[in-house]
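A.B. asks: Quick one, entry37.txt (compact mmCIF, C-alpha atoms and all ligand atoms):
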```txt
# COMPACT_ATOMS: atom_id res chain seq x y z
CA MET A 73 0.00 0.00 0.00
CA PRO A 74 1.31 3.46 -0.77
CA GLU A 75 2.31 5.65 2.15
CA TYR A 76 0.65 9.01 1.76
CA PRO A 77 2.53 11.77 3.54
CA ASP A 78 -0.76 13.55 4.31
CA ILE A 79 -3.17 11.04 5.86
CA GLU A 80 -5.95 13.60 6.32
CA ALA A 81 -5.84 14.44 2.62
CA ARG A 82 -6.06 10.72 1.82
CA ASP A 83 -9.09 10.30 4.09
CA ARG A 84 -10.78 13.35 2.54
CA VAL A 85 -10.39 11.84 -0.92
CA VAL A 86 -11.71 8.44 0.21
CA ALA A 87 -14.73 10.16 1.81
CA ALA A 88 -15.38 12.12 -1.40
CA LEU A 89 -15.14 8.95 -3.53
CA THR A 90 -17.54 7.13 -1.26
CA LYS A 91 -20.26 9.65 -2.16
CA LEU A 92 -19.74 9.66 -5.89
CA PRO A 93 -21.93 7.45 -8.10
CA PRO A 94 -20.70 3.93 -8.81
CA LEU A 95 -18.94 3.06 -12.08
CA VAL A 96 -20.82 -0.19 -12.67
CA THR A 97 -24.06 -1.65 -11.35
CA SER A 98 -24.82 -4.76 -9.32
CA TRP A 99 -26.99 -6.27 -12.06
CA GLU A 100 -24.16 -6.03 -14.58
CA VAL A 101 -21.89 -7.62 -12.01
CA GLU A 102 -24.37 -10.47 -11.39
CA GLU A 103 -24.91 -10.96 -15.12
CA LEU A 104 -21.16 -11.38 -15.61
CA LYS A 105 -21.05 -13.84 -12.71
CA SER A 106 -23.66 -15.99 -14.39
CA GLN A 107 -21.69 -15.93 -17.65
CA LEU A 108 -18.56 -16.94 -15.76
CA ALA A 109 -20.53 -19.81 -14.22
CA ASP A 110 -21.01 -21.04 -17.79
CA ALA A 111 -17.26 -20.74 -18.39
CA ALA A 112 -16.63 -22.86 -15.30
CA ARG A 113 -18.94 -25.51 -16.74
CA GLY A 114 -17.21 -25.53 -20.12
CA LYS A 115 -19.86 -23.58 -22.01
CA ARG A 116 -18.19 -20.21 -22.54
CA PHE A 117 -14.68 -18.86 -22.91
CA LEU A 118 -13.34 -15.79 -21.12
CA LEU A 119 -11.18 -13.38 -23.11
CA GLN A 120 -9.62 -10.87 -20.74
CA GLY A 121 -7.14 -8.34 -22.02
CA GLY A 122 -5.74 -4.85 -21.99
CA ASP A 123 -2.84 -2.81 -20.71
CA CYS A 124 -0.58 -3.92 -17.92
CA SER A 125 -0.99 -0.43 -16.57
CA GLU A 126 -3.43 2.06 -18.07
CA SER A 127 -2.18 5.59 -18.26
CA PHE A 128 -4.22 8.75 -17.67
CA ASP A 129 -2.65 10.24 -20.81
CA ASP A 130 -4.01 7.39 -22.93
CA CYS A 131 -7.60 8.20 -21.99
CA GLU A 132 -8.36 9.25 -25.55
CA SER A 133 -10.82 8.02 -28.11
CA LYS A 134 -8.40 6.35 -30.52
CA VAL A 135 -6.61 4.32 -27.86
CA ILE A 136 -9.91 3.19 -26.34
CA THR A 137 -11.56 2.28 -29.65
CA ASN A 138 -8.45 0.42 -30.83
CA LYS A 139 -8.45 -1.65 -27.67
CA LEU A 140 -12.14 -2.38 -28.01
CA LYS A 141 -11.66 -3.25 -31.68
CA ILE A 142 -8.89 -5.77 -31.12
CA LEU A 143 -10.82 -7.45 -28.30
CA LEU A 144 -13.92 -7.66 -30.51
CA GLN A 145 -11.90 -9.04 -33.41
CA MET A 146 -10.22 -11.61 -31.20
CA SER A 147 -13.52 -12.69 -29.73
CA LEU A 148 -14.98 -13.11 -33.19
CA VAL A 149 -12.12 -15.44 -34.09
CA LEU A 150 -12.72 -17.44 -30.91
CA VAL A 151 -16.49 -17.64 -31.34
CA SER A 152 -16.14 -18.86 -34.88
CA ALA A 153 -13.67 -21.58 -33.88
CA SER A 154 -15.18 -22.78 -30.65
CA LYS A 155 -18.89 -22.29 -31.36
CA ARG A 156 -19.04 -21.09 -27.80
CA GLN A 157 -19.99 -17.67 -26.53
CA VAL A 158 -17.05 -15.55 -25.53
CA ILE A 159 -17.08 -13.32 -22.47
CA ARG A 160 -15.20 -10.12 -23.27
CA VAL A 161 -13.54 -8.43 -20.33
CA GLY A 162 -11.13 -5.51 -20.65
CA ARG A 163 -8.28 -4.69 -18.32
CA ILE A 164 -9.68 -1.24 -18.75
CA GLY A 165 -11.41 1.66 -17.02
CA GLY A 166 -9.47 1.34 -13.77
CA GLN A 167 -6.25 -0.66 -14.28
CA TYR A 168 -4.25 2.16 -12.73
CA ALA A 169 -2.47 0.65 -9.69
CA LYS A 170 0.59 -1.61 -9.94
CA PRO A 171 2.25 -3.94 -7.45
CA ARG A 172 6.04 -3.54 -7.49
CA SER A 173 8.81 -5.79 -6.28
CA ALA A 174 10.81 -2.94 -4.70
CA ASP A 175 9.64 0.23 -2.94
CA MET A 176 12.51 2.40 -4.13
CA GLU A 177 14.41 2.91 -7.36
CA THR A 178 17.92 4.37 -7.87
CA ILE A 179 19.01 6.12 -11.05
CA ASP A 180 22.42 7.80 -11.34
CA GLY A 181 22.84 7.80 -7.57
CA VAL A 182 19.38 9.33 -6.88
CA THR A 183 16.91 7.15 -4.95
CA LEU A 184 13.16 7.80 -5.19
CA PRO A 185 9.93 5.82 -4.59
CA VAL A 186 9.07 3.51 -7.52
CA TYR A 187 6.24 4.31 -9.88
CA ARG A 188 3.10 2.48 -8.66
CA GLY A 189 0.59 3.39 -11.34
CA ASP A 190 -1.21 6.62 -12.19
CA LEU A 191 -3.71 6.11 -9.36
CA ILE A 192 -0.89 6.58 -6.86
CA ASN A 193 2.03 8.57 -8.29
CA ARG A 194 3.48 9.64 -11.64
CA LEU A 195 6.12 8.10 -13.88
CA PRO A 196 8.68 10.92 -14.36
CA PHE A 197 11.70 10.42 -12.13
CA THR A 198 11.33 13.49 -9.93
CA LYS A 199 10.65 13.68 -6.23
CA GLU A 200 7.44 15.59 -6.79
CA ASP A 201 6.05 13.05 -9.26
CA ARG A 202 6.96 10.00 -7.22
CA ILE A 203 5.40 11.05 -3.89
CA PRO A 204 1.97 9.31 -3.55
CA ASN A 205 -0.75 11.89 -4.13
CA PRO A 206 -4.30 11.02 -2.99
CA GLU A 207 -5.88 13.44 -5.49
CA LEU A 208 -4.85 10.96 -8.18
CA MET A 209 -7.55 8.60 -6.89
CA LEU A 210 -10.14 11.20 -7.92
CA ARG A 211 -8.45 11.69 -11.30
CA GLY A 212 -8.46 7.89 -11.74
CA TYR A 213 -12.15 7.63 -10.89
CA GLU A 214 -12.88 10.36 -13.46
CA ARG A 215 -10.77 8.69 -16.17
CA SER A 216 -12.53 5.39 -15.45
CA ALA A 217 -15.92 7.07 -15.75
CA LEU A 218 -14.94 8.77 -19.02
CA THR A 219 -13.61 5.52 -20.46
CA LEU A 220 -16.65 3.51 -19.40
CA ASN A 221 -19.05 6.16 -20.66
CA PHE A 222 -17.43 6.04 -24.08
CA ILE A 223 -17.35 2.22 -24.21
CA ARG A 224 -21.00 2.00 -23.16
CA SER A 225 -22.02 4.49 -25.86
CA LEU A 226 -20.05 2.64 -28.51
CA VAL A 227 -21.48 -0.72 -27.52
CA ASP A 228 -25.06 0.61 -27.24
CA GLY A 229 -24.78 2.56 -30.46
CA GLY A 230 -24.10 -0.47 -32.63
CA PHE A 231 -20.30 -0.40 -32.71
CA ALA A 232 -20.27 -3.95 -31.34
CA ASP A 233 -23.08 -5.10 -33.62
CA LEU A 234 -22.08 -8.22 -35.50
CA HIS A 235 -23.62 -6.75 -38.65
CA HIS A 236 -21.05 -3.98 -38.60
CA GLN A 237 -17.71 -5.68 -38.28
CA GLU A 238 -16.35 -3.07 -40.66
CA TYR A 239 -16.34 -0.65 -37.69
CA TRP A 240 -13.79 -2.87 -36.00
CA ASP A 241 -11.20 -2.65 -38.72
CA LEU A 242 -8.01 -1.03 -37.64
CA ASP A 243 -6.21 1.10 -40.23
CA PHE A 244 -3.41 -1.38 -40.50
CA VAL A 245 -5.47 -4.59 -40.54
CA ALA A 246 -4.77 -5.08 -44.24
CA HIS A 247 -1.03 -5.33 -43.61
CA SER A 248 -1.29 -7.98 -40.95
CA PRO A 249 0.02 -11.43 -41.93
CA GLU A 250 -3.20 -12.82 -40.44
CA ALA A 251 -5.47 -10.48 -42.43
CA ALA A 252 -6.62 -13.05 -44.98
CA GLU A 253 -7.61 -15.57 -42.32
CA TYR A 254 -9.42 -12.90 -40.33
CA ARG A 255 -11.34 -11.75 -43.43
CA ARG A 256 -12.36 -15.33 -44.12
CA ILE A 257 -13.75 -15.68 -40.59
CA VAL A 258 -15.65 -12.38 -40.86
CA GLU A 259 -17.20 -13.46 -44.14
CA THR A 260 -18.24 -16.83 -42.76
CA ILE A 261 -19.93 -15.18 -39.80
CA SER A 262 -21.66 -12.58 -41.97
CA ASP A 263 -22.92 -15.32 -44.28
CA SER A 264 -24.21 -17.41 -41.36
CA LEU A 265 -25.95 -14.37 -39.94
CA LYS A 266 -27.60 -13.56 -43.28
CA PHE A 267 -28.64 -17.19 -43.66
CA LEU A 268 -30.21 -17.27 -40.18
CA GLU A 269 -32.04 -14.02 -40.79
CA THR A 270 -33.41 -15.29 -44.07
CA VAL A 271 -34.66 -18.47 -42.40
CA LEU A 272 -36.12 -16.59 -39.44
CA GLY A 273 -37.52 -13.77 -41.57
CA GLY A 274 -36.03 -11.00 -39.44
CA PRO A 275 -33.03 -9.75 -37.47
CA VAL A 276 -31.36 -12.09 -35.02
CA ASP A 277 -31.56 -9.89 -31.96
CA ASP A 278 -29.34 -11.92 -29.72
CA PHE A 279 -26.47 -11.64 -32.15
CA GLU A 280 -26.82 -7.97 -32.76
CA ARG A 281 -25.07 -6.77 -29.71
CA VAL A 282 -22.19 -8.14 -27.77
CA ASP A 283 -21.57 -7.05 -24.24
CA PHE A 284 -18.37 -5.92 -22.66
CA HIS A 285 -17.22 -5.91 -19.05
CA THR A 286 -14.35 -4.35 -17.15
CA SER A 287 -11.76 -5.60 -14.71
CA HIS A 288 -8.67 -4.42 -12.89
CA GLU A 289 -6.37 -5.59 -10.12
CA GLY A 290 -8.05 -4.67 -6.83
CA LEU A 291 -4.76 -3.57 -5.38
CA HIS A 292 -5.35 -0.16 -3.87
CA LEU A 293 -7.66 -0.97 -0.99
CA PHE A 294 -8.40 2.63 -0.05
CA TYR A 295 -9.75 3.15 -3.56
CA GLU A 296 -11.59 -0.19 -3.78
CA GLN A 297 -13.16 0.22 -0.37
CA ALA A 298 -14.53 3.65 -1.30
CA HIS A 299 -16.47 2.01 -4.16
CA THR A 300 -17.81 -0.87 -2.09
CA ARG A 301 -21.49 -0.40 -1.35
CA HIS A 302 -24.70 -1.97 -0.20
CA VAL A 303 -27.23 -2.04 -3.01
CA PRO A 304 -31.02 -1.81 -2.52
CA HIS A 305 -32.81 -5.15 -2.79
CA ARG A 306 -29.64 -7.18 -2.63
CA THR A 307 -27.71 -8.63 0.24
CA GLY A 308 -23.97 -8.26 0.65
CA TRP A 309 -21.45 -5.73 -0.55
CA TYR A 310 -20.56 -4.94 -4.14
CA ASN A 311 -17.34 -3.38 -5.30
CA LEU A 312 -18.76 -1.08 -7.95
CA SER A 313 -15.43 0.26 -9.25
CA THR A 314 -15.36 -2.60 -11.78
CA HIS A 315 -17.27 -5.74 -12.66
CA PHE A 316 -14.52 -8.26 -12.09
CA PRO A 317 -11.62 -7.35 -9.78
CA TRP A 318 -8.67 -9.68 -9.25
CA ILE A 319 -6.09 -10.30 -6.55
CA GLY A 320 -2.52 -10.19 -7.83
CA GLU A 321 0.15 -12.83 -7.32
CA ARG A 322 1.98 -10.62 -4.81
CA THR A 323 -1.02 -9.85 -2.59
CA ARG A 324 -2.76 -13.20 -2.25
CA ALA A 325 -1.45 -14.09 1.24
CA LEU A 326 -4.12 -16.06 3.09
CA ASP A 327 -4.00 -13.72 6.08
CA GLY A 328 -3.40 -10.57 4.03
CA ALA A 329 -5.61 -7.50 3.69
CA HIS A 330 -6.49 -8.17 0.05
CA VAL A 331 -7.89 -11.63 0.67
CA GLU A 332 -9.81 -10.23 3.64
CA PHE A 333 -11.33 -7.48 1.48
CA PHE A 334 -12.17 -9.75 -1.47
CA ARG A 335 -13.76 -12.35 0.82
CA GLY A 336 -16.35 -9.74 1.73
CA ILE A 337 -17.50 -8.62 -1.72
CA ALA A 338 -20.15 -10.29 -3.87
CA ASN A 339 -18.52 -9.68 -7.30
CA PRO A 340 -17.11 -12.46 -9.39
CA ILE A 341 -13.42 -12.34 -8.49
CA ALA A 342 -10.18 -13.78 -9.79
CA VAL A 343 -6.87 -14.59 -8.17
CA LYS A 344 -3.53 -14.82 -9.96
CA ILE A 345 -1.51 -17.88 -9.05
CA GLY A 346 2.16 -18.40 -9.82
CA PRO A 347 4.72 -21.16 -9.30
CA SER A 348 5.15 -20.51 -5.56
CA ILE A 349 1.63 -21.64 -4.61
CA SER A 350 1.23 -25.13 -3.13
CA PRO A 351 -1.88 -27.25 -3.70
CA ASP A 352 -2.83 -26.93 0.00
CA GLU A 353 -2.45 -23.18 -0.09
CA LEU A 354 -4.64 -23.01 -3.17
CA LEU A 355 -7.32 -25.05 -1.49
CA ASP A 356 -7.25 -22.79 1.58
CA LEU A 357 -7.51 -19.75 -0.68
CA ILE A 358 -10.52 -21.24 -2.46
CA LYS A 359 -12.23 -22.02 0.83
CA ILE A 360 -11.78 -18.47 2.05
CA LEU A 361 -12.72 -16.72 -1.19
CA ASP A 362 -15.54 -18.99 -2.29
CA PRO A 363 -16.86 -20.76 0.79
CA ASN A 364 -20.16 -21.71 -0.86
CA ASN A 365 -18.64 -23.03 -4.10
CA GLU A 366 -20.81 -20.50 -5.93
CA PRO A 367 -20.77 -20.96 -9.71
CA GLY A 368 -18.94 -18.07 -11.43
CA ARG A 369 -17.61 -16.62 -8.20
CA LEU A 370 -13.97 -17.61 -8.56
CA THR A 371 -11.57 -17.58 -11.49
CA LEU A 372 -8.05 -18.93 -11.08
CA ILE A 373 -5.64 -17.16 -13.41
CA HIS A 374 -2.49 -19.25 -13.61
CA ARG A 375 0.74 -17.60 -14.73
CA PHE A 376 3.67 -19.95 -14.44
CA GLY A 377 5.85 -19.35 -17.47
CA ALA A 378 6.32 -21.77 -20.35
CA ASP A 379 9.10 -23.62 -18.48
CA ARG A 380 7.12 -24.31 -15.36
CA ILE A 381 3.51 -24.79 -16.33
CA GLY A 382 4.00 -28.48 -17.18
CA THR A 383 5.03 -29.35 -13.63
CA ALA A 384 3.25 -26.64 -11.61
CA LEU A 385 -0.27 -26.87 -13.02
CA PRO A 386 -1.21 -30.58 -12.74
CA PRO A 387 -1.12 -30.81 -8.90
CA LEU A 388 -3.34 -27.72 -8.69
CA ILE A 389 -5.89 -29.12 -11.12
CA ASP A 390 -5.89 -32.37 -9.13
CA VAL A 391 -6.51 -30.70 -5.79
CA VAL A 392 -9.37 -28.57 -7.15
CA ARG A 393 -11.01 -31.56 -8.79
CA ASP A 394 -10.60 -33.79 -5.72
CA ALA A 395 -12.23 -31.10 -3.57
CA ASP A 396 -15.15 -30.92 -6.03
CA ARG A 397 -14.71 -27.21 -6.63
CA LEU A 398 -16.17 -25.37 -9.59
CA VAL A 399 -13.80 -22.62 -10.77
CA VAL A 400 -12.99 -20.93 -14.04
CA TRP A 401 -9.44 -21.83 -15.11
CA CYS A 402 -7.80 -19.05 -17.05
CA CYS A 403 -4.27 -18.93 -18.49
CA ASP A 404 -2.17 -15.76 -18.27
CA PRO A 405 0.79 -16.59 -20.51
CA MET A 406 2.36 -13.15 -20.01
CA HIS A 407 3.53 -12.74 -16.41
CA GLY A 408 5.63 -15.89 -16.11
CA ASN A 409 7.48 -15.08 -19.33
CA THR A 410 8.90 -11.63 -18.67
CA GLU A 411 12.60 -11.18 -19.52
CA GLN A 412 15.16 -8.41 -19.84
CA THR A 413 17.07 -7.71 -23.03
CA SER A 414 20.84 -7.29 -22.84
CA SER A 415 20.25 -3.54 -22.84
CA GLY A 416 17.86 -3.80 -19.88
CA MET A 417 14.46 -3.47 -21.60
CA LYS A 418 11.58 -5.52 -20.22
CA THR A 419 10.21 -7.80 -22.91
CA ARG A 420 8.46 -11.11 -23.55
CA SER A 421 9.06 -13.61 -26.29
CA PHE A 422 5.96 -14.17 -28.37
CA GLU A 423 6.98 -17.80 -28.93
CA ARG A 424 7.08 -18.49 -25.20
CA ILE A 425 3.68 -16.86 -24.72
CA LEU A 426 2.19 -19.14 -27.37
CA GLN A 427 4.03 -22.09 -25.89
CA GLU A 428 2.53 -21.52 -22.45
CA LEU A 429 -0.95 -21.22 -23.95
CA GLU A 430 -0.51 -24.43 -25.86
CA LEU A 431 0.75 -26.27 -22.77
CA ALA A 432 -2.17 -24.91 -20.74
CA PHE A 433 -4.69 -26.39 -23.18
CA GLN A 434 -2.77 -29.65 -23.29
CA VAL A 435 -2.44 -30.08 -19.51
CA HIS A 436 -6.10 -29.23 -18.82
CA ASN A 437 -7.17 -31.62 -21.52
CA GLU A 438 -4.99 -34.44 -20.19
CA LEU A 439 -6.37 -34.01 -16.69
CA GLY A 440 -9.96 -33.77 -17.81
CA SER A 441 -10.51 -30.13 -16.84
CA TYR A 442 -11.59 -27.25 -19.05
CA LEU A 443 -9.41 -24.23 -19.80
CA GLY A 444 -12.07 -21.54 -19.71
CA GLY A 445 -10.13 -18.38 -20.47
CA ALA A 446 -7.06 -16.45 -21.51
CA HIS A 447 -5.73 -13.32 -19.78
CA LEU A 448 -3.49 -11.17 -21.97
CA GLU A 449 -1.64 -7.87 -21.87
CA LEU A 450 -2.29 -6.29 -25.24
CA THR A 451 -3.06 -3.09 -27.05
CA GLY A 452 -4.80 -2.25 -30.30
CA ASP A 453 -1.82 -0.19 -31.37
CA GLN A 454 1.35 -1.09 -33.21
CA VAL A 455 3.73 -1.01 -30.30
CA THR A 456 7.00 -2.95 -30.26
CA GLU A 457 7.24 -4.42 -26.77
CA CYS A 458 7.24 -8.23 -27.17
CA THR A 459 9.77 -9.91 -29.49
CA GLY A 460 8.78 -12.36 -32.24
CA GLY A 461 5.46 -12.82 -33.99
CA ALA A 462 4.76 -13.04 -37.70
CA ARG A 463 6.97 -10.04 -38.39
CA GLY A 464 9.80 -11.43 -36.28
CA LEU A 465 10.40 -8.38 -34.08
CA THR A 466 13.96 -8.46 -32.75
CA GLU A 467 15.41 -6.90 -29.60
CA GLU A 468 16.68 -4.00 -31.72
CA ASP A 469 13.19 -3.43 -33.16
CA LEU A 470 11.79 -2.92 -29.65
CA ARG A 471 13.08 0.66 -29.64
CA GLN A 472 10.81 1.67 -32.53
CA ASN A 473 7.65 2.09 -30.46
CA TYR A 474 8.17 0.89 -26.89
CA ARG A 475 5.47 2.70 -24.95
CA THR A 476 4.34 0.59 -22.00
CA GLN A 477 4.58 2.09 -18.53
CA VAL A 478 5.16 -1.27 -16.86
CA ASP A 479 4.95 -4.65 -18.66
CA PRO A 480 5.38 -5.36 -22.40
CA ARG A 481 2.13 -5.90 -24.31
CA LEU A 482 1.20 -7.81 -27.44
CA ASN A 483 0.71 -5.40 -30.30
CA TYR A 484 -2.30 -5.53 -32.59
CA GLU A 485 -0.87 -8.15 -34.94
CA GLN A 486 0.55 -10.32 -32.20
CA ALA A 487 -2.82 -10.19 -30.40
CA LEU A 488 -4.71 -11.27 -33.51
CA GLU A 489 -2.19 -14.03 -34.11
CA THR A 490 -2.66 -15.18 -30.51
CA ALA A 491 -6.42 -15.33 -31.03
CA MET A 492 -5.85 -17.50 -34.11
CA LEU A 493 -3.68 -19.86 -32.08
CA ILE A 494 -6.20 -20.05 -29.22
CA ALA A 495 -8.91 -20.76 -31.78
CA ARG A 496 -6.89 -23.67 -33.20
CA LEU A 497 -6.23 -24.99 -29.69
CA MET A 498 -9.90 -24.74 -28.80
CA ILE A 499 -10.78 -26.75 -31.88
CA ARG A 500 -8.20 -29.35 -30.94
CA TYR A 501 -8.82 -29.60 -27.21
CA ASN A 502 -12.09 -27.99 -26.12
CA LYS A 503 -14.49 -30.26 -27.92
CA ARG A 504 -18.11 -29.50 -27.14
CA LYS A 505 -19.60 -32.26 -25.08
C1 LIG A 601 -0.45 -7.87 -13.80
O1 LIG A 601 -1.47 -8.51 -14.11
O2 LIG A 601 -0.09 -6.85 -14.38
C2 LIG A 601 0.39 -8.44 -12.71
C3 LIG A 601 1.19 -7.68 -11.99
O3 LIG A 601 0.24 -9.77 -12.59
P1 LIG A 601 0.70 -10.78 -11.46
O4 LIG A 601 -0.01 -10.37 -10.20
O5 LIG A 601 0.21 -12.10 -12.00
O6 LIG A 601 2.19 -10.71 -11.38
CO CO A 602 1.51 -6.81 -16.04
```
How does this structure look as structure tokens?
Ligand code: PEP
Ligand code: CO

C.D. replies:
Amino acid sequence: MPEYPDIEARDRVVAALTKLPPLVTSWEVEELKSQLADAARGKRFLLQGGDCSESFDDCESKVITNKLKILLQMSLVLVSASKRQVIRVGRIGGQYAKPRSADMETIDGVTLPVYRGDLINRLPFTKEDRIPNPELMLRGYERSALTLNFIRSLVDGGFADLHHQEYWDLDFVAHSPEAAEYRRIVETISDSLKFLETVLGGPVDDFERVDFHTSHEGLHLFYEQAHTRHVPHRTGWYNLSTHFPWIGERTRALDGAHVEFFRGIANPIAVKIGPSISPDELLDLIKILDPNNEPGRLTLIHRFGADRIGTALPPLIDVVRDADRLVVWCCDPMHGNTEQTSSGMKTRSFERILQELELAFQVHNELGSYLGGAHLELTGDQVTECTGGARGLTEEDLRQNYRTQVDPRLNYEQALETAMLIARLMIRYNKRK
């Protein structure tokens, strides 16, 4: 948790946030929970993606629409392959707080607090920027509201209508090595839609609109608590800062504050699990976070790295199955595969990301469980942050457009290529029963 120098100022901001209207509603939250229950039962697939760390400066229409477009395009690819509905969840509209391994950072002999995300402090390496400032919680709430307002208008206004996939085209789609395959999928879906409408004699309402939900790491408990409310006609507490908050790998201690907070909210929640978790610890975590084994309540996002998933995942799947627990299993192939280049840039190899995804499908299939989702760090823009992919980005190429504030993201083409791979894996492994 950040240490604010002025505790009264922090408490004033939290009190102000508590009075402001919520960002999402309890019925949206419950609707998502019921969709996630389907993913736990093997009937839907969760596609969760967005920035590692959203920046206040990127709260602009092009960045938001590009992110929405790539997620819609990816979900179309997955729907067409799997014949399952896809749950689209952005790491968006609130992904502003970051866990860090060290509290301080030293550059050229100067030591300052590390950057912890725009909700807490600012990136430039000056004392003024790095001191936690509680006002940023208000700025973050406003940015979230602006982002959500725009996404809701786009989705309601027909942007996400399956009849208008041309809206989702990104300027550079034509140059992508996967463009031809994507076009083929779009045409197949358009043809099926036209066929259905001809048979039914009218529009297929259910297909017209896709919905979209938000998520972020529920890291900053002062901020999350301020959005946690009782709602008329419902029991329990809802965290209305986002639909689907998650607990990060670094804050999932059984007796820690984050688990205590998450235990008390009614949202669907996720927890990131890495190689250090033991099967017993996982079972204890599940018992605390989902005592009633409620369908859709708990998603386990595993992030082991391509080298470790083969040995780390099976014992966890076994313990969950033996305890008769219903969870959504979701693979994050990003956070276990972070590396540094020789010149010190943080990157990820696209090949290792794909490898972890492939192993995740394979291991779940071998053990008779269902991989119900993928969690990705991506952007709709042409950044150069992860190496590899169809264009074979090298370490030298990374300098061309390296923009992330924290972790390296898949760029538009790499994201689309990932969706194609997941689609092929779903066809191979996730057979409909
Ligand atoms: C993240 O999702 O950006 C993150 C920090 O993940 P993890 O908690 O899995 O390390
Ligand atoms: Co990250």

A.B. asks: Could the residues of chain A that have an atom at most 9 Å from ligand CO 602 (chain A) be listed as a tab-separated table, each with its closest atom pair and the distance in Å to one decimal, counting all atoms listed in the file and ordered by chain and ascending residue number?

C.D. replies:
```
residue	atom	partner	partner_atom	distance
A:Asp123	CA	A:CO602	CO	7.5
A:Cys124	CA	A:CO602	CO	4.0
A:Ser125	CA	A:CO602	CO	6.9
A:Lys170	CA	A:CO602	CO	8.1
A:Met406	CA	A:CO602	CO	7.5
A:His407	CA	A:CO602	CO	6.3
A:Leu448	CA	A:CO602	CO	8.9
A:Glu449	CA	A:CO602	CO	6.7
A:Val478	CA	A:CO602	CO	6.7
A:Asp479	CA	A:CO602	CO	4.8
A:Pro480	CA	A:CO602	CO	7.6
A:Arg481	CA	A:CO602	CO	8.3
```

A.B. asks: Kindly give the distance, in Å, that separates CA of Glu485 (chain A) and CA of Ser248 (chain A), rounded to a single decimal.

C.D. replies: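 Between these atoms lies a distance of 6.0 Å.
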
A.B. asks: At what distance in Å, to one decimal, does CA of Asn409 (chain A) lie from CA of Leu482 (chain A)?

C.D. replies: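 These atoms are spaced 12.6 Å apart.
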
A.B. asks: Between A:Pro363, A:Gly461, A:Pro185, A:Pro340, which residue has the minimum interatomic distance to Trp318 (chain A), considering all atoms listed in the file?

C.D. replies: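 Among the listed residues, the smallest separation from Trp318 (chain A) belongs to A:Pro340.
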
A.B. asks: Any idea what's packed within 12 Å of Ile358 (chain A), counting only C-alpha atoms, ignoring anything in its chain fewer than 2 positions away? Could you give it as a PDB file with C-alpha atoms, keeping the file's coordinate frame?

C.D. replies:
```pdb
ATOM      1  CA  ARG A 324      -2.760 -13.200  -2.250  1.00  0.00           C
ATOM      2  CA  LEU A 326      -4.120 -16.060   3.090  1.00  0.00           C
ATOM      3  CA  VAL A 331      -7.890 -11.630   0.670  1.00  0.00           C
ATOM      4  CA  PHE A 334     -12.170  -9.750  -1.470  1.00  0.00           C
ATOM      5  CA  ARG A 335     -13.760 -12.350   0.820  1.00  0.00           C
ATOM      6  CA  ILE A 341     -13.420 -12.340  -8.490  1.00  0.00           C
ATOM      7  CA  ALA A 342     -10.180 -13.780  -9.790  1.00  0.00           C
ATOM      8  CA  VAL A 343      -6.870 -14.590  -8.170  1.00  0.00           C
ATOM      9  CA  ILE A 345      -1.510 -17.880  -9.050  1.00  0.00           C
ATOM     10  CA  PRO A 351      -1.880 -27.250  -3.700  1.00  0.00           C
ATOM     11  CA  ASP A 352      -2.830 -26.930   0.000  1.00  0.00           C
ATOM     12  CA  GLU A 353      -2.450 -23.180  -0.090  1.00  0.00           C
ATOM     13  CA  LEU A 354      -4.640 -23.010  -3.170  1.00  0.00           C
ATOM     14  CA  LEU A 355      -7.320 -25.050  -1.490  1.00  0.00           C
ATOM     15  CA  ASP A 356      -7.250 -22.790   1.580  1.00  0.00           C
ATOM     16  CA  ILE A 360     -11.780 -18.470   2.050  1.00  0.00           C
ATOM     17  CA  LEU A 361     -12.720 -16.720  -1.190  1.00  0.00           C
ATOM     18  CA  ASP A 362     -15.540 -18.990  -2.290  1.00  0.00           C
ATOM     19  CA  PRO A 363     -16.860 -20.760   0.790  1.00  0.00           C
ATOM     20  CA  ASN A 364     -20.160 -21.710  -0.860  1.00  0.00           C
ATOM     21  CA  ASN A 365     -18.640 -23.030  -4.100  1.00  0.00           C
ATOM     22  CA  GLU A 366     -20.810 -20.500  -5.930  1.00  0.00           C
ATOM     23  CA  ARG A 369     -17.610 -16.620  -8.200  1.00  0.00           C
ATOM     24  CA  LEU A 370     -13.970 -17.610  -8.560  1.00  0.00           C
ATOM     25  CA  THR A 371     -11.570 -17.580 -11.490  1.00  0.00           C
ATOM     26  CA  LEU A 372      -8.050 -18.930 -11.080  1.00  0.00           C
ATOM     27  CA  LEU A 388      -3.340 -27.720  -8.690  1.00  0.00           C
ATOM     28  CA  VAL A 391      -6.510 -30.700  -5.790  1.00  0.00           C
ATOM     29  CA  VAL A 392      -9.370 -28.570  -7.150  1.00  0.00           C
ATOM     30  CA  ALA A 395     -12.230 -31.100  -3.570  1.00  0.00           C
ATOM     31  CA  ASP A 396     -15.150 -30.920  -6.030  1.00  0.00           C
ATOM     32  CA  ARG A 397     -14.710 -27.210  -6.630  1.00  0.00           C
ATOM     33  CA  LEU A 398     -16.170 -25.370  -9.590  1.00  0.00           C
ATOM     34  CA  VAL A 399     -13.800 -22.620 -10.770  1.00  0.00           C
ATOM     35  CA  VAL A 400     -12.990 -20.930 -14.040  1.00  0.00           C
TER      36      VAL A 400
END
```

A.B. asks: Counting only C-alpha atoms and all ligand atoms, what are the residues of chain A within 6 Å of ligand LIG 601 (chain A), and for each of them which pair of atoms is the nearest and at what distance in Å, to one decimal? Sort the table by chain and rising number, as a Markdown table.

C.D. replies:
```
| residue | atom | partner | partner_atom | distance |
| --- | --- | --- | --- | --- |
| A:Cys124 | CA | A:LIG601 | O2 | 4.6 |
| A:Pro171 | CA | A:LIG601 | C3 | 6.0 |
| A:Gly320 | CA | A:LIG601 | O4 | 3.5 |
| A:Glu321 | CA | A:LIG601 | O4 | 3.8 |
| A:Arg322 | CA | A:LIG601 | O4 | 5.8 |
| A:Lys344 | CA | A:LIG601 | O5 | 5.1 |
| A:His407 | CA | A:LIG601 | O5 | 5.6 |
```
